[in-house]
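*Asks:* Below is the file data.csv, which contains CSV, C-alpha atoms and all ligand atoms.
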```
chain,number,residue,atom,x,y,z
A,1,SER,CA,23.8,-24.0,-155.5
A,2,ALA,CA,21.1,-23.8,-152.8
A,3,GLU,CA,22.6,-26.8,-151.0
A,4,ARG,CA,25.7,-24.8,-150.2
A,5,ASN,CA,23.8,-22.3,-148.2
A,6,TYR,CA,24.2,-23.2,-144.5
A,7,LYS,CA,21.9,-22.0,-141.8
A,8,ILE,CA,24.0,-21.4,-138.7
A,9,SER,CA,22.8,-20.6,-135.2
A,10,VAL,CA,25.4,-18.3,-133.5
A,11,ILE,CA,25.3,-18.3,-129.7
A,12,PRO,CA,28.2,-16.3,-128.2
A,13,GLY,CA,27.4,-16.8,-124.5
A,14,ASP,CA,29.3,-15.1,-121.8
A,15,GLY,CA,32.7,-13.5,-121.1
A,16,ILE,CA,35.3,-14.1,-123.8
A,17,GLY,CA,32.7,-16.1,-125.7
A,18,LYS,CA,31.4,-12.7,-126.9
A,19,GLU,CA,35.0,-11.6,-127.9
A,20,VAL,CA,36.1,-14.7,-129.8
A,21,MET,CA,32.8,-15.4,-131.6
A,22,PRO,CA,33.2,-12.4,-134.0
A,23,GLU,CA,36.6,-13.7,-135.0
A,24,GLY,CA,35.2,-17.1,-135.6
A,25,VAL,CA,32.5,-15.6,-137.8
A,26,ARG,CA,34.9,-13.3,-139.6
A,27,VAL,CA,37.0,-16.3,-140.7
A,28,LEU,CA,33.9,-18.3,-141.6
A,29,GLU,CA,32.6,-15.5,-143.8
A,30,ARG,CA,36.0,-15.1,-145.5
A,31,ALA,CA,36.1,-18.8,-146.2
A,32,ALA,CA,32.5,-18.7,-147.6
A,33,GLY,CA,33.5,-16.0,-150.0
A,34,LEU,CA,36.6,-17.8,-151.1
A,35,TYR,CA,35.1,-21.3,-151.4
A,36,GLY,CA,31.7,-20.3,-152.9
A,37,PHE,CA,29.2,-21.2,-150.2
A,38,THR,CA,26.9,-18.9,-148.2
A,39,LEU,CA,26.1,-18.6,-144.5
A,40,ASP,CA,22.7,-17.7,-143.2
A,41,GLN,CA,23.4,-16.7,-139.6
A,42,THR,CA,20.9,-16.2,-136.8
A,43,TRP,CA,22.4,-14.8,-133.6
A,44,HIS,CA,20.7,-15.8,-130.4
A,45,ASP,CA,20.9,-13.7,-127.2
A,46,PHE,CA,20.2,-16.5,-124.8
A,47,ALA,CA,22.3,-19.2,-123.1
A,48,ASN,CA,24.1,-16.4,-121.3
A,49,CYS,CA,24.1,-15.1,-117.7
A,50,ASP,CA,22.8,-11.6,-118.7
A,51,TYR,CA,19.7,-13.4,-120.1
A,52,TYR,CA,19.5,-15.2,-116.8
A,53,ALA,CA,19.6,-11.9,-114.9
A,54,ARG,CA,16.7,-10.6,-116.9
A,55,HIS,CA,14.5,-13.8,-117.1
A,56,GLY,CA,15.6,-16.0,-114.2
A,57,GLN,CA,16.5,-18.8,-116.6
A,58,MET,CA,19.3,-19.3,-119.1
A,59,MET,CA,17.1,-19.9,-122.1
A,60,PRO,CA,13.5,-19.2,-123.2
A,61,ASP,CA,11.0,-22.0,-122.8
A,62,ASP,CA,10.7,-22.2,-126.6
A,63,TRP,CA,14.4,-22.2,-127.3
A,64,LYS,CA,14.1,-25.1,-129.6
A,65,ALA,CA,11.6,-23.4,-131.7
A,66,GLN,CA,13.7,-20.3,-131.8
A,67,ILE,CA,16.7,-22.2,-132.9
A,68,GLY,CA,14.6,-23.9,-135.5
A,69,ASP,CA,16.4,-26.4,-137.8
A,70,PRO,CA,19.8,-25.0,-138.5
A,71,HIS,CA,22.6,-27.0,-140.2
A,72,ALA,CA,24.8,-26.4,-137.2
A,73,ILE,CA,25.2,-24.4,-134.0
A,74,PHE,CA,28.3,-22.3,-133.4
A,75,PHE,CA,28.8,-21.7,-129.7
A,76,GLY,CA,31.2,-19.5,-127.7
A,77,ALA,CA,31.3,-20.2,-124.0
A,78,VAL,CA,28.9,-20.0,-121.1
A,79,GLY,CA,29.3,-19.2,-117.4
A,80,TRP,CA,29.6,-16.2,-115.1
A,81,PRO,CA,30.1,-17.8,-111.6
A,82,ASP,CA,29.9,-14.4,-109.8
A,83,THR,CA,26.2,-14.1,-110.7
A,84,VAL,CA,25.0,-17.6,-111.7
A,85,PRO,CA,26.3,-20.9,-110.2
A,86,ASP,CA,28.0,-23.0,-112.8
A,87,HIS,CA,25.7,-26.0,-112.4
A,88,ILE,CA,22.8,-23.8,-113.4
A,89,SER,CA,24.4,-21.9,-116.3
A,90,LEU,CA,25.9,-25.1,-117.9
A,91,TRP,CA,23.0,-27.4,-117.2
A,92,GLN,CA,20.4,-25.0,-118.5
A,93,SER,CA,22.3,-24.3,-121.7
A,94,ILE,CA,25.0,-26.3,-123.3
A,95,LEU,CA,24.0,-29.6,-121.6
A,96,GLN,CA,20.4,-29.1,-122.8
A,97,PHE,CA,21.7,-28.9,-126.4
A,98,ARG,CA,23.8,-32.1,-126.0
A,99,ARG,CA,20.9,-34.0,-124.7
A,100,GLU,CA,17.9,-32.6,-126.6
A,101,TYR,CA,19.8,-32.8,-129.9
A,102,ASP,CA,21.3,-36.3,-129.1
A,103,GLN,CA,24.8,-35.1,-129.8
A,104,TYR,CA,26.2,-38.4,-128.8
A,105,ILE,CA,29.7,-37.8,-130.0
A,106,ASN,CA,32.1,-35.4,-128.4
A,107,LEU,CA,35.1,-35.0,-130.6
A,108,ARG,CA,38.3,-33.3,-129.9
A,109,PRO,CA,41.6,-33.1,-131.9
A,110,VAL,CA,44.9,-33.5,-130.0
A,111,ARG,CA,47.4,-31.9,-132.4
A,112,LEU,CA,50.6,-30.1,-131.6
A,113,MET,CA,50.7,-26.8,-133.6
A,114,PRO,CA,53.6,-24.6,-134.5
A,115,GLY,CA,54.1,-21.7,-132.1
A,116,VAL,CA,52.4,-23.5,-129.2
A,117,PRO,CA,55.0,-24.6,-126.6
A,118,CYS,CA,54.5,-28.2,-125.8
A,119,PRO,CA,54.4,-29.1,-122.1
A,120,LEU,CA,55.9,-32.5,-123.0
A,121,ALA,CA,59.7,-32.3,-123.5
A,122,GLY,CA,61.2,-32.9,-127.0
A,123,ARG,CA,57.9,-33.0,-129.0
A,124,GLU,CA,57.7,-31.2,-132.3
A,125,PRO,CA,54.6,-30.3,-134.4
A,126,GLY,CA,53.7,-33.4,-136.4
A,127,ASP,CA,54.7,-35.7,-133.5
A,128,ILE,CA,51.2,-35.6,-131.8
A,129,ASP,CA,48.1,-35.9,-134.0
A,130,PHE,CA,45.1,-37.9,-132.8
A,131,TRP,CA,41.4,-37.6,-132.0
A,132,VAL,CA,39.6,-38.3,-128.7
A,133,VAL,CA,36.0,-39.6,-129.3
A,134,ARG,CA,33.9,-39.4,-126.1
A,135,GLU,CA,30.5,-41.0,-125.6
A,136,ASN,CA,28.4,-37.9,-124.7
A,137,THR,CA,25.0,-39.1,-123.5
A,138,GLU,CA,25.1,-42.0,-121.1
A,139,GLY,CA,27.6,-44.2,-119.2
A,140,GLU,CA,28.8,-42.9,-115.9
A,141,TYR,CA,26.9,-39.6,-116.2
A,142,SER,CA,23.4,-41.0,-115.5
A,143,SER,CA,20.7,-39.7,-113.2
A,144,VAL,CA,20.0,-43.2,-111.9
A,145,GLY,CA,20.6,-43.3,-108.2
A,146,GLY,CA,19.7,-41.6,-105.0
A,147,LYS,CA,20.4,-40.8,-101.4
A,148,MET,CA,18.9,-42.2,-98.3
A,149,PHE,CA,19.1,-41.3,-94.6
A,150,PRO,CA,21.0,-38.1,-95.2
A,151,GLY,CA,22.8,-36.6,-92.3
A,152,THR,CA,22.7,-39.8,-90.3
A,153,PRO,CA,25.2,-42.6,-89.8
A,154,ARG,CA,23.2,-44.7,-92.1
A,155,GLU,CA,23.6,-42.2,-95.0
A,156,ILE,CA,24.0,-43.9,-98.4
A,157,VAL,CA,24.5,-42.6,-101.9
A,158,MET,CA,24.5,-44.5,-105.2
A,159,GLN,CA,24.8,-43.4,-108.8
A,160,GLU,CA,24.7,-46.1,-111.4
A,161,THR,CA,26.6,-46.3,-114.7
A,162,VAL,CA,24.1,-46.9,-117.5
A,163,MET,CA,25.6,-48.3,-120.8
A,164,THR,CA,23.3,-49.5,-123.6
A,165,ARG,CA,24.1,-51.6,-126.6
A,166,HIS,CA,22.6,-48.9,-128.8
A,167,GLY,CA,24.7,-46.1,-127.1
A,168,THR,CA,27.9,-48.1,-127.0
A,169,GLU,CA,27.8,-49.5,-130.6
A,170,ARG,CA,27.1,-46.1,-132.1
A,171,VAL,CA,30.1,-44.4,-130.5
A,172,LEU,CA,32.4,-47.3,-131.4
A,173,ARG,CA,31.1,-47.3,-135.0
A,174,TYR,CA,31.9,-43.6,-135.2
A,175,ALA,CA,35.4,-44.1,-133.9
A,176,PHE,CA,36.1,-47.0,-136.4
A,177,ASP,CA,34.6,-44.9,-139.2
A,178,LEU,CA,36.8,-42.0,-138.3
A,179,ALA,CA,39.9,-44.2,-138.2
A,180,ARG,CA,39.1,-45.3,-141.7
A,181,THR,CA,39.6,-41.7,-142.9
A,182,ARG,CA,43.1,-41.6,-141.4
A,183,GLU,CA,46.4,-42.8,-142.6
A,184,ARG,CA,47.2,-45.0,-139.6
A,185,ARG,CA,43.7,-46.5,-139.2
A,186,HIS,CA,44.1,-47.4,-135.6
A,187,VAL,CA,41.6,-47.3,-132.7
A,188,THR,CA,42.5,-47.3,-129.1
A,189,SER,CA,39.8,-48.1,-126.6
A,190,ALA,CA,39.9,-46.8,-123.0
A,191,THR,CA,38.8,-49.5,-120.5
A,192,LYS,CA,39.1,-50.5,-116.9
A,193,SER,CA,37.9,-54.1,-117.1
A,194,ASN,CA,40.2,-55.1,-114.3
A,195,GLY,CA,38.5,-52.9,-111.7
A,196,ILE,CA,35.0,-52.2,-113.1
A,197,ALA,CA,34.4,-55.8,-113.6
A,198,ILE,CA,30.9,-55.8,-115.1
A,199,SER,CA,30.4,-52.9,-117.4
A,200,MET,CA,33.9,-52.5,-118.7
A,201,PRO,CA,34.4,-56.2,-119.8
A,202,TRP,CA,31.1,-55.7,-121.6
A,203,TRP,CA,32.4,-52.6,-123.3
A,204,ASP,CA,35.5,-54.5,-124.3
A,205,GLU,CA,33.3,-57.2,-125.9
A,206,ARG,CA,31.4,-54.5,-127.9
A,207,VAL,CA,34.8,-53.2,-129.1
A,208,GLU,CA,35.8,-56.7,-130.3
A,209,GLU,CA,32.5,-57.1,-132.1
A,210,MET,CA,32.7,-53.8,-133.8
A,211,ALA,CA,36.4,-54.3,-134.7
A,212,ALA,CA,35.4,-57.5,-136.6
A,213,HIS,CA,33.4,-55.3,-139.0
A,214,TYR,CA,36.6,-53.2,-139.7
A,215,PRO,CA,39.3,-55.7,-140.8
A,216,ASP,CA,41.2,-52.7,-142.3
A,217,VAL,CA,41.4,-50.9,-139.0
A,218,THR,CA,43.8,-52.1,-136.2
A,219,HIS,CA,42.8,-51.7,-132.6
A,220,ASP,CA,44.1,-52.0,-129.0
A,221,LYS,CA,43.0,-51.2,-125.5
A,222,TYR,CA,44.5,-49.7,-122.4
A,223,HIS,CA,43.2,-49.4,-118.9
A,224,ILE,CA,42.3,-45.7,-118.3
A,225,ASP,CA,45.0,-45.2,-115.7
A,226,ILE,CA,47.9,-46.3,-117.8
A,227,LEU,CA,46.3,-44.7,-120.8
A,228,CYS,CA,46.6,-41.3,-119.1
A,229,ALA,CA,50.2,-42.0,-118.5
A,230,GLN,CA,50.7,-43.0,-122.1
A,231,PHE,CA,49.1,-39.8,-123.3
A,232,VAL,CA,52.0,-38.0,-121.5
A,233,MET,CA,54.8,-40.5,-122.2
A,234,ASN,CA,54.0,-41.7,-125.8
A,235,PRO,CA,51.4,-39.5,-127.3
A,236,ASP,CA,52.7,-40.4,-130.8
A,237,ARG,CA,51.1,-43.9,-130.3
A,238,PHE,CA,47.6,-42.7,-130.8
A,239,ASP,CA,45.4,-42.2,-133.8
A,240,VAL,CA,41.7,-42.4,-132.7
A,241,VAL,CA,41.0,-42.9,-129.0
A,242,VAL,CA,37.4,-43.9,-128.0
A,243,ALA,CA,36.1,-43.8,-124.5
A,244,SER,CA,33.0,-43.8,-122.3
A,245,ASN,CA,31.6,-40.6,-121.0
A,246,LEU,CA,33.7,-40.3,-117.8
A,247,PHE,CA,36.9,-41.6,-119.3
A,248,GLY,CA,36.4,-39.5,-122.4
A,249,ASP,CA,35.8,-36.4,-120.3
A,250,ILE,CA,39.2,-36.9,-118.6
A,251,LEU,CA,41.0,-37.8,-121.8
A,252,SER,CA,39.5,-35.0,-123.8
A,253,ASP,CA,41.0,-32.5,-121.3
A,254,LEU,CA,44.3,-34.3,-120.8
A,255,GLY,CA,44.9,-34.7,-124.6
A,256,PRO,CA,44.6,-31.0,-125.5
A,257,ALA,CA,46.6,-30.1,-122.3
A,258,CYS,CA,49.5,-32.3,-123.6
A,259,THR,CA,49.6,-30.1,-126.7
A,260,GLY,CA,49.6,-26.7,-125.0
A,261,THR,CA,47.2,-23.9,-124.3
A,262,ILE,CA,43.5,-24.2,-123.8
A,263,GLY,CA,43.1,-21.1,-126.0
A,264,VAL,CA,43.5,-23.1,-129.2
A,265,ALA,CA,41.6,-26.3,-128.5
A,266,PRO,CA,38.3,-26.9,-130.3
A,267,SER,CA,35.5,-29.4,-129.8
A,268,ALA,CA,32.4,-30.7,-131.5
A,269,ASN,CA,29.3,-32.2,-130.2
A,270,ILE,CA,28.0,-34.3,-133.1
A,271,ASN,CA,24.8,-36.1,-134.1
A,272,PRO,CA,26.3,-38.1,-136.9
A,273,GLU,CA,23.0,-39.0,-138.5
A,274,ARG,CA,22.3,-35.3,-138.9
A,275,THR,CA,18.7,-35.7,-137.7
A,276,THR,CA,19.5,-32.8,-135.3
A,277,PRO,CA,22.0,-29.9,-135.4
A,278,SER,CA,25.5,-30.5,-134.1
A,279,LEU,CA,27.3,-28.0,-132.0
A,280,PHE,CA,30.9,-26.6,-132.4
A,281,GLU,CA,32.6,-24.7,-129.6
A,282,PRO,CA,36.1,-24.0,-128.2
A,283,VAL,CA,37.1,-26.2,-125.3
A,284,HIS,CA,37.7,-23.2,-123.0
A,285,GLY,CA,35.1,-21.5,-120.9
A,286,SER,CA,34.2,-17.8,-120.5
A,287,ALA,CA,37.5,-16.9,-118.8
A,288,PRO,CA,36.1,-14.2,-116.4
A,289,ASP,CA,39.7,-13.3,-115.4
A,290,ILE,CA,40.5,-11.9,-118.8
A,291,ALA,CA,37.0,-11.1,-120.2
A,292,GLY,CA,36.5,-7.5,-121.5
A,293,LYS,CA,40.1,-6.9,-122.2
A,294,GLY,CA,40.1,-8.0,-125.8
A,295,ILE,CA,43.1,-10.3,-125.3
A,296,ALA,CA,41.5,-13.8,-125.5
A,297,ASN,CA,43.0,-16.2,-128.0
A,298,PRO,CA,40.4,-16.7,-130.8
A,299,ILE,CA,42.0,-19.8,-132.3
A,300,GLY,CA,39.9,-22.2,-130.3
A,301,GLN,CA,36.8,-20.6,-131.8
A,302,ILE,CA,38.3,-20.4,-135.3
A,303,TRP,CA,39.4,-24.1,-135.2
A,304,SER,CA,35.9,-25.0,-134.1
A,305,ALA,CA,34.6,-23.2,-137.2
A,306,ALA,CA,36.9,-25.4,-139.3
A,307,MET,CA,35.4,-28.5,-137.6
A,308,MET,CA,32.0,-27.2,-138.4
A,309,LEU,CA,32.8,-26.7,-142.0
A,310,GLU,CA,34.2,-30.3,-142.2
A,311,HIS,CA,30.9,-31.5,-140.8
A,312,LEU,CA,28.9,-29.4,-143.2
A,313,GLY,CA,30.7,-31.0,-146.1
A,314,GLU,CA,33.2,-28.2,-146.9
A,315,PRO,CA,36.5,-30.0,-146.3
A,316,ASP,CA,38.6,-27.7,-148.6
A,317,ALA,CA,37.5,-24.6,-146.7
A,318,ALA,CA,38.1,-26.4,-143.4
A,319,ALA,CA,41.6,-27.4,-144.4
A,320,ALA,CA,42.4,-23.9,-145.7
A,321,ILE,CA,41.4,-22.5,-142.3
A,322,MET,CA,43.7,-24.9,-140.5
A,323,ARG,CA,46.6,-23.9,-142.8
A,324,ALA,CA,45.9,-20.2,-142.1
A,325,VAL,CA,45.8,-21.0,-138.3
A,326,GLU,CA,49.2,-22.7,-138.6
A,327,THR,CA,50.6,-19.7,-140.5
A,328,VAL,CA,49.4,-17.2,-137.8
A,329,LEU,CA,50.5,-19.3,-134.9
A,330,ALA,CA,54.0,-19.5,-136.2
A,331,GLU,CA,54.2,-15.7,-136.1
A,332,PRO,CA,54.8,-14.1,-132.7
A,333,GLY,CA,53.4,-10.7,-133.9
A,334,LEU,CA,50.1,-12.4,-134.9
A,335,ARG,CA,49.4,-14.6,-131.9
A,336,THR,CA,48.0,-13.7,-128.6
A,337,ARG,CA,49.6,-13.2,-125.2
A,338,ASP,CA,48.8,-16.6,-123.8
A,339,LEU,CA,51.2,-17.8,-126.5
A,340,LYS,CA,53.8,-15.1,-125.8
A,341,GLY,CA,52.6,-13.1,-128.8
A,342,SER,CA,51.7,-9.5,-129.0
A,343,ALA,CA,48.4,-9.5,-130.9
A,344,ASP,CA,45.0,-8.8,-129.4
A,345,THR,CA,41.9,-10.9,-130.1
A,346,GLU,CA,40.8,-9.0,-133.2
A,347,GLN,CA,44.3,-8.7,-134.7
A,348,CYS,CA,44.8,-12.4,-134.4
A,349,GLY,CA,41.3,-13.1,-136.0
A,350,ARG,CA,42.0,-10.7,-138.8
A,351,ALA,CA,45.4,-12.3,-139.4
A,352,VAL,CA,43.8,-15.7,-139.9
A,353,ALA,CA,41.2,-14.3,-142.2
A,354,GLU,CA,43.9,-12.6,-144.3
A,355,ALA,CA,46.1,-15.7,-144.3
A,356,LEU,CA,43.2,-17.6,-145.9
A,357,SER,CA,43.4,-15.8,-149.2
B,401,LIG,P1,38.2,-21.1,-118.6
B,401,LIG,O1,38.5,-22.0,-119.7
B,401,LIG,O2,37.2,-20.1,-118.8
B,401,LIG,O3,39.6,-20.4,-118.1
B,401,LIG,C1,40.7,-21.1,-117.6
B,401,LIG,C2,42.0,-20.3,-117.7
B,401,LIG,O4,42.4,-20.3,-119.1
B,401,LIG,C3,41.8,-18.8,-117.3
B,401,LIG,O5,42.9,-18.4,-116.7
B,401,LIG,C4,41.6,-18.2,-118.7
B,401,LIG,O6,42.0,-16.8,-118.7
B,401,LIG,C5,42.4,-19.0,-119.6
B,401,LIG,N1,41.8,-19.0,-121.0
B,401,LIG,C6,40.7,-19.7,-121.3
B,401,LIG,N2,40.4,-19.5,-122.6
B,401,LIG,C7,41.3,-18.6,-123.1
B,401,LIG,C8,41.6,-18.0,-124.3
B,401,LIG,N3,40.8,-18.2,-125.4
B,401,LIG,N4,42.7,-17.2,-124.5
B,401,LIG,C9,43.5,-16.9,-123.4
B,401,LIG,N5,43.3,-17.5,-122.2
B,401,LIG,C10,42.2,-18.3,-122.0
B,401,LIG,O7,37.8,-22.0,-117.3
B,401,LIG,P2,37.2,-21.6,-115.9
B,401,LIG,O8,37.9,-20.4,-115.4
B,401,LIG,O9,37.3,-22.8,-115.1
B,401,LIG,O10,35.7,-21.3,-116.1
B,401,LIG,C11,35.2,-20.0,-116.3
B,401,LIG,C12,33.7,-20.2,-116.6
B,401,LIG,O11,33.5,-20.9,-117.9
B,401,LIG,C13,32.9,-21.0,-115.6
B,401,LIG,O12,31.6,-20.4,-115.5
B,401,LIG,C14,32.8,-22.4,-116.2
B,401,LIG,O13,31.7,-23.1,-115.8
B,401,LIG,C15,32.6,-22.0,-117.7
B,401,LIG,N6,33.0,-23.0,-118.7
B,401,LIG,C16,32.2,-23.2,-119.8
B,401,LIG,C17,32.5,-24.1,-120.7
B,401,LIG,C18,31.6,-24.1,-121.9
B,401,LIG,O14,31.0,-23.2,-122.2
B,401,LIG,N7,31.6,-25.2,-122.6
B,401,LIG,C19,33.7,-25.0,-120.6
B,401,LIG,C20,34.5,-24.7,-119.5
B,401,LIG,C21,34.1,-23.8,-118.5
B,402,MG,MG,35.7,-31.9,-119.1
```
Can you present the structure in this file as structure tokens?
*Replies:*
Amino acid sequence: SAERNYKISVIPGDGIGKEVMPEGVRVLERAAGLYGFTLDQTWHDFANCDYYARHGQMMPDDWKAQIGDPHAIFFGAVGWPDTVPDHISLWQSILQFRREYDQYINLRPVRLMPGVPCPLAGREPGDIDFWVVRENTEGEYSSVGGKMFPGTPREIVMQETVMTRHGTERVLRYAFDLARTRERRHVTSATKSNGIAISMPWWDERVEEMAAHYPDVTHDKYHIDILCAQFVMNPDRFDVVVASNLFGDILSDLGPACTGTIGVAPSANINPERTTPSLFEPVHGSAPDIAGKGIANPIGQIWSAAMMLEHLGEPDAAAAIMRAVETVLAEPGLRTRDLKGSADTEQCGRAVAEALS
């Protein structure tokens, strides 16, 4: 039916973004054929550093109009630090999307997959399987602050954390709703109310208030420092972990790192109300050190495609992609070199597409 035609903005970006994107799209197209939906793709040649070289900015002024009103944005990776400083390339592209589209949830799975050596001793696939939910729009990453008397002995600098009831409640609600979809139905909150003695006790109160609406979901809290230690020592404890912007930034890198290579990790920047498009991208960057060689691992991009399909309401296709990914990762001849395999980017992507059917 018409409702199962999805408009997707495809933005490959820089470096290996341009190499893994075709594999993500290949798998999406195969899934569409098998599961009976269609994809209406628009590829955009902006939000990359070649565009910057031509135009002096990362995106056209009317980028929002050009993107239009897609169901989702499928993004590769941006950045080419030899020609454009990272604070410009990221701020003028991916961070614009997060803000302008109010993608207030940053969601990352932490799941140990077959074929991916775990840096934590003695863990097997199945042992580690949880989500990190990061607040993506406010908190510690505010532009409230300033400097005075620069370069003098009186120099001062301040940057304020800004937490709103609206912003905090909506990320907590998302986390509790997500826990409801899971077998263990458990939420862990990252706090630091012993040290950050104004805003974090307030965050804890919001957690308790929200938890009261979810009697079927259990919850606990850890201070961020010991929570980091527990990610490493007892990752099997966690189901859904919710955190402010800064704490979530740290946990959402630490979590995937505890389950192996950056080449497989996906992420989503979500507007749960769907008033604006959500964006799906691998965790990794443009990897200038291996770009152009055709050896990048496409699994992070492909797993991001699965997250996008889940968001679009195609859970069967999403689950099938994940089964295909597990099949391919278990096979040394089909996985890429970062996982001690022998496949190149395209061979690995084709293998996932084939394993789908
Ligand atoms: P990176 O993630 O691009 O690379 C880190 C290391 O991991 C490199 O050795 C790279 O070869 C390896 N790696 C990354 N992805 C891989 C894959 N799919 N397969 C195999 N190996 C992979 O991070 P780095 O080097 O710090 O940043 C490079 C550029 O990417 C910078 O401009 C940075 O700002 C940007 N970046 C962009 C992000 C985004 O678009 N959301 C996220 C992170 C970084
Ligand atoms: Mg980070």
*Asks:* Excluding same-chain residues fewer than 2 positions from Asp220 of chain A, what lies within 8 Å of it counting only C-alpha atoms, as a ChimeraX atom specification?
*Replies:* /A:187-189,218,222
*Asks:* Give me the residues near segment 88-104 of chain A as a list in words, where near means some atom within 7 Å (using all atoms listed in the file) and where sequence neighbours in that chain fewer than 5 positions away do not count.
*Replies:*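 After dropping sequence-adjacent residues, the list is Ala47, Cys49, Met58, Met59, Val78, Gly79, Glu135, Asn136, Thr137, Asn269, Ile270, Asn271, Thr276, Pro277 and Ser278 of chain A.
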*Asks:* Neighbouring residues of ligand LIG 401 (chain B) are defined here as those with any atom at most 9 Å from a ligand atom, counting all atoms listed in the file; list them as number ranges by chain.
*Replies:* A: 13-17, 20, 75-82, 84-87, 89-90, 93-95, 261-265, 281-291, 295-301, 336-339, 345
*Asks:* What does the file look like for those residues with C-alpha atoms, as a compact mmCIF listing (two decimals), keeping the file's coordinate frame?
*Replies:*
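The result, written out as part.txt:
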```
# COMPACT_ATOMS: atom_id res chain seq x y z
CA GLY A 13 27.40 -16.80 -124.50
CA ASP A 14 29.30 -15.10 -121.80
CA GLY A 15 32.70 -13.50 -121.10
CA ILE A 16 35.30 -14.10 -123.80
CA GLY A 17 32.70 -16.10 -125.70
CA VAL A 20 36.10 -14.70 -129.80
CA PHE A 75 28.80 -21.70 -129.70
CA GLY A 76 31.20 -19.50 -127.70
CA ALA A 77 31.30 -20.20 -124.00
CA VAL A 78 28.90 -20.00 -121.10
CA GLY A 79 29.30 -19.20 -117.40
CA TRP A 80 29.60 -16.20 -115.10
CA PRO A 81 30.10 -17.80 -111.60
CA ASP A 82 29.90 -14.40 -109.80
CA VAL A 84 25.00 -17.60 -111.70
CA PRO A 85 26.30 -20.90 -110.20
CA ASP A 86 28.00 -23.00 -112.80
CA HIS A 87 25.70 -26.00 -112.40
CA SER A 89 24.40 -21.90 -116.30
CA LEU A 90 25.90 -25.10 -117.90
CA SER A 93 22.30 -24.30 -121.70
CA ILE A 94 25.00 -26.30 -123.30
CA LEU A 95 24.00 -29.60 -121.60
CA THR A 261 47.20 -23.90 -124.30
CA ILE A 262 43.50 -24.20 -123.80
CA GLY A 263 43.10 -21.10 -126.00
CA VAL A 264 43.50 -23.10 -129.20
CA ALA A 265 41.60 -26.30 -128.50
CA GLU A 281 32.60 -24.70 -129.60
CA PRO A 282 36.10 -24.00 -128.20
CA VAL A 283 37.10 -26.20 -125.30
CA HIS A 284 37.70 -23.20 -123.00
CA GLY A 285 35.10 -21.50 -120.90
CA SER A 286 34.20 -17.80 -120.50
CA ALA A 287 37.50 -16.90 -118.80
CA PRO A 288 36.10 -14.20 -116.40
CA ASP A 289 39.70 -13.30 -115.40
CA ILE A 290 40.50 -11.90 -118.80
CA ALA A 291 37.00 -11.10 -120.20
CA ILE A 295 43.10 -10.30 -125.30
CA ALA A 296 41.50 -13.80 -125.50
CA ASN A 297 43.00 -16.20 -128.00
CA PRO A 298 40.40 -16.70 -130.80
CA ILE A 299 42.00 -19.80 -132.30
CA GLY A 300 39.90 -22.20 -130.30
CA GLN A 301 36.80 -20.60 -131.80
CA THR A 336 48.00 -13.70 -128.60
CA ARG A 337 49.60 -13.20 -125.20
CA ASP A 338 48.80 -16.60 -123.80
CA LEU A 339 51.20 -17.80 -126.50
CA THR A 345 41.90 -10.90 -130.10
```
*Asks:* How would you write, as a compact mmCIF listing (two decimals) with C-alpha atoms, in the coordinates of the input, the set of residues no farther than 8 Å from ligand MG 402 (chain B) when counting all atoms listed in the file?
*Replies:*
```txt
# COMPACT_ATOMS: atom_id res chain seq x y z
CA ASP A 249 35.80 -36.40 -120.30
CA ILE A 250 39.20 -36.90 -118.60
CA SER A 252 39.50 -35.00 -123.80
CA ASP A 253 41.00 -32.50 -121.30
```
*Asks:* Between A:Leu251, A:Val328, A:Val25, A:Val240, which is the closest to Ala343 of chain A once you count all atoms listed in the file?
*Replies:*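 Of A:Leu251, A:Val328, A:Val25, A:Val240, the one nearest Ala343 of chain A, counting all atoms listed in the file, is A:Val328.
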*Asks:* To one decimal in Å, tell me the separation between atom CA of Arg173 of chain A and atom CA of Leu279 of chain A.
*Replies:*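 Atom CA of Arg173 of chain A sits 19.9 Å away from atom CA of Leu279 of chain A.
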*Asks:* Which of these residues is nearest to Met158 of chain A, using all atoms listed in the file: A:Trp303, A:Asp129, A:Gly145, A:Ile105?
*Replies:*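 Counting all atoms listed in the file, the residue closest to Met158 of chain A is A:Gly145.
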*Asks:* Set the distance at 7 Å and use all atoms listed in the file: which residues neighbour Ala190 of chain A once local chain neighbours fewer than 2 positions away are removed? I'd like the list as a PyMOL selection string.
*Replies:* chain A and resi 188+221-224+242-243
*Asks:* Compile the contact shell of Gly255 of chain A as a PDB file with C-alpha atoms, in the coordinates of the input: residues with an atom at most 8 Å away, counting all atoms listed in the file, same-chain residues fewer than 6 positions apart removed.
*Replies:*
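Output file result-v3.pdb follows:
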```
ATOM      1  CA  VAL A 110      44.900 -33.500-130.000  1.00  0.00           C
ATOM      2  CA  VAL A 132      39.600 -38.300-128.700  1.00  0.00           C
ATOM      3  CA  PHE A 231      49.100 -39.800-123.300  1.00  0.00           C
TER       4      PHE A 231
END
```
*Asks:* Once you count all atoms listed in the file, which residues end up no further than 8 Å from (21.4, -31.7, -140.7) in the file's frame, shown as a PyMOL selection string?
*Replies:* chain A and resi 69-72+273-278
*Asks:* Using only C-alpha atoms, pick whichever of A:Arg134, A:Arg111, A:His219, A:Lys293 has the shortest atom-to-atom distance to Glu326 of chain A.
*Replies:*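 Among the listed residues, the smallest separation from Glu326 of chain A belongs to A:Arg111.
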*Asks:* Report, in Å to a single decimal, how far apart atom CA of Thr191 of chain A and atom CA of Thr164 of chain A are.
*Replies:* 15.8 Å
*Asks:* Write out as a PyMOL selection string each polymer residue whose atoms come within 12 Å of Val325 of chain A, counting all atoms listed in the file; drop sequence neighbours fewer than 3 positions from it.
*Replies:* chain A and resi 24+27+113-116+264-265+297-306+318-322+328-331+334-335+348-356
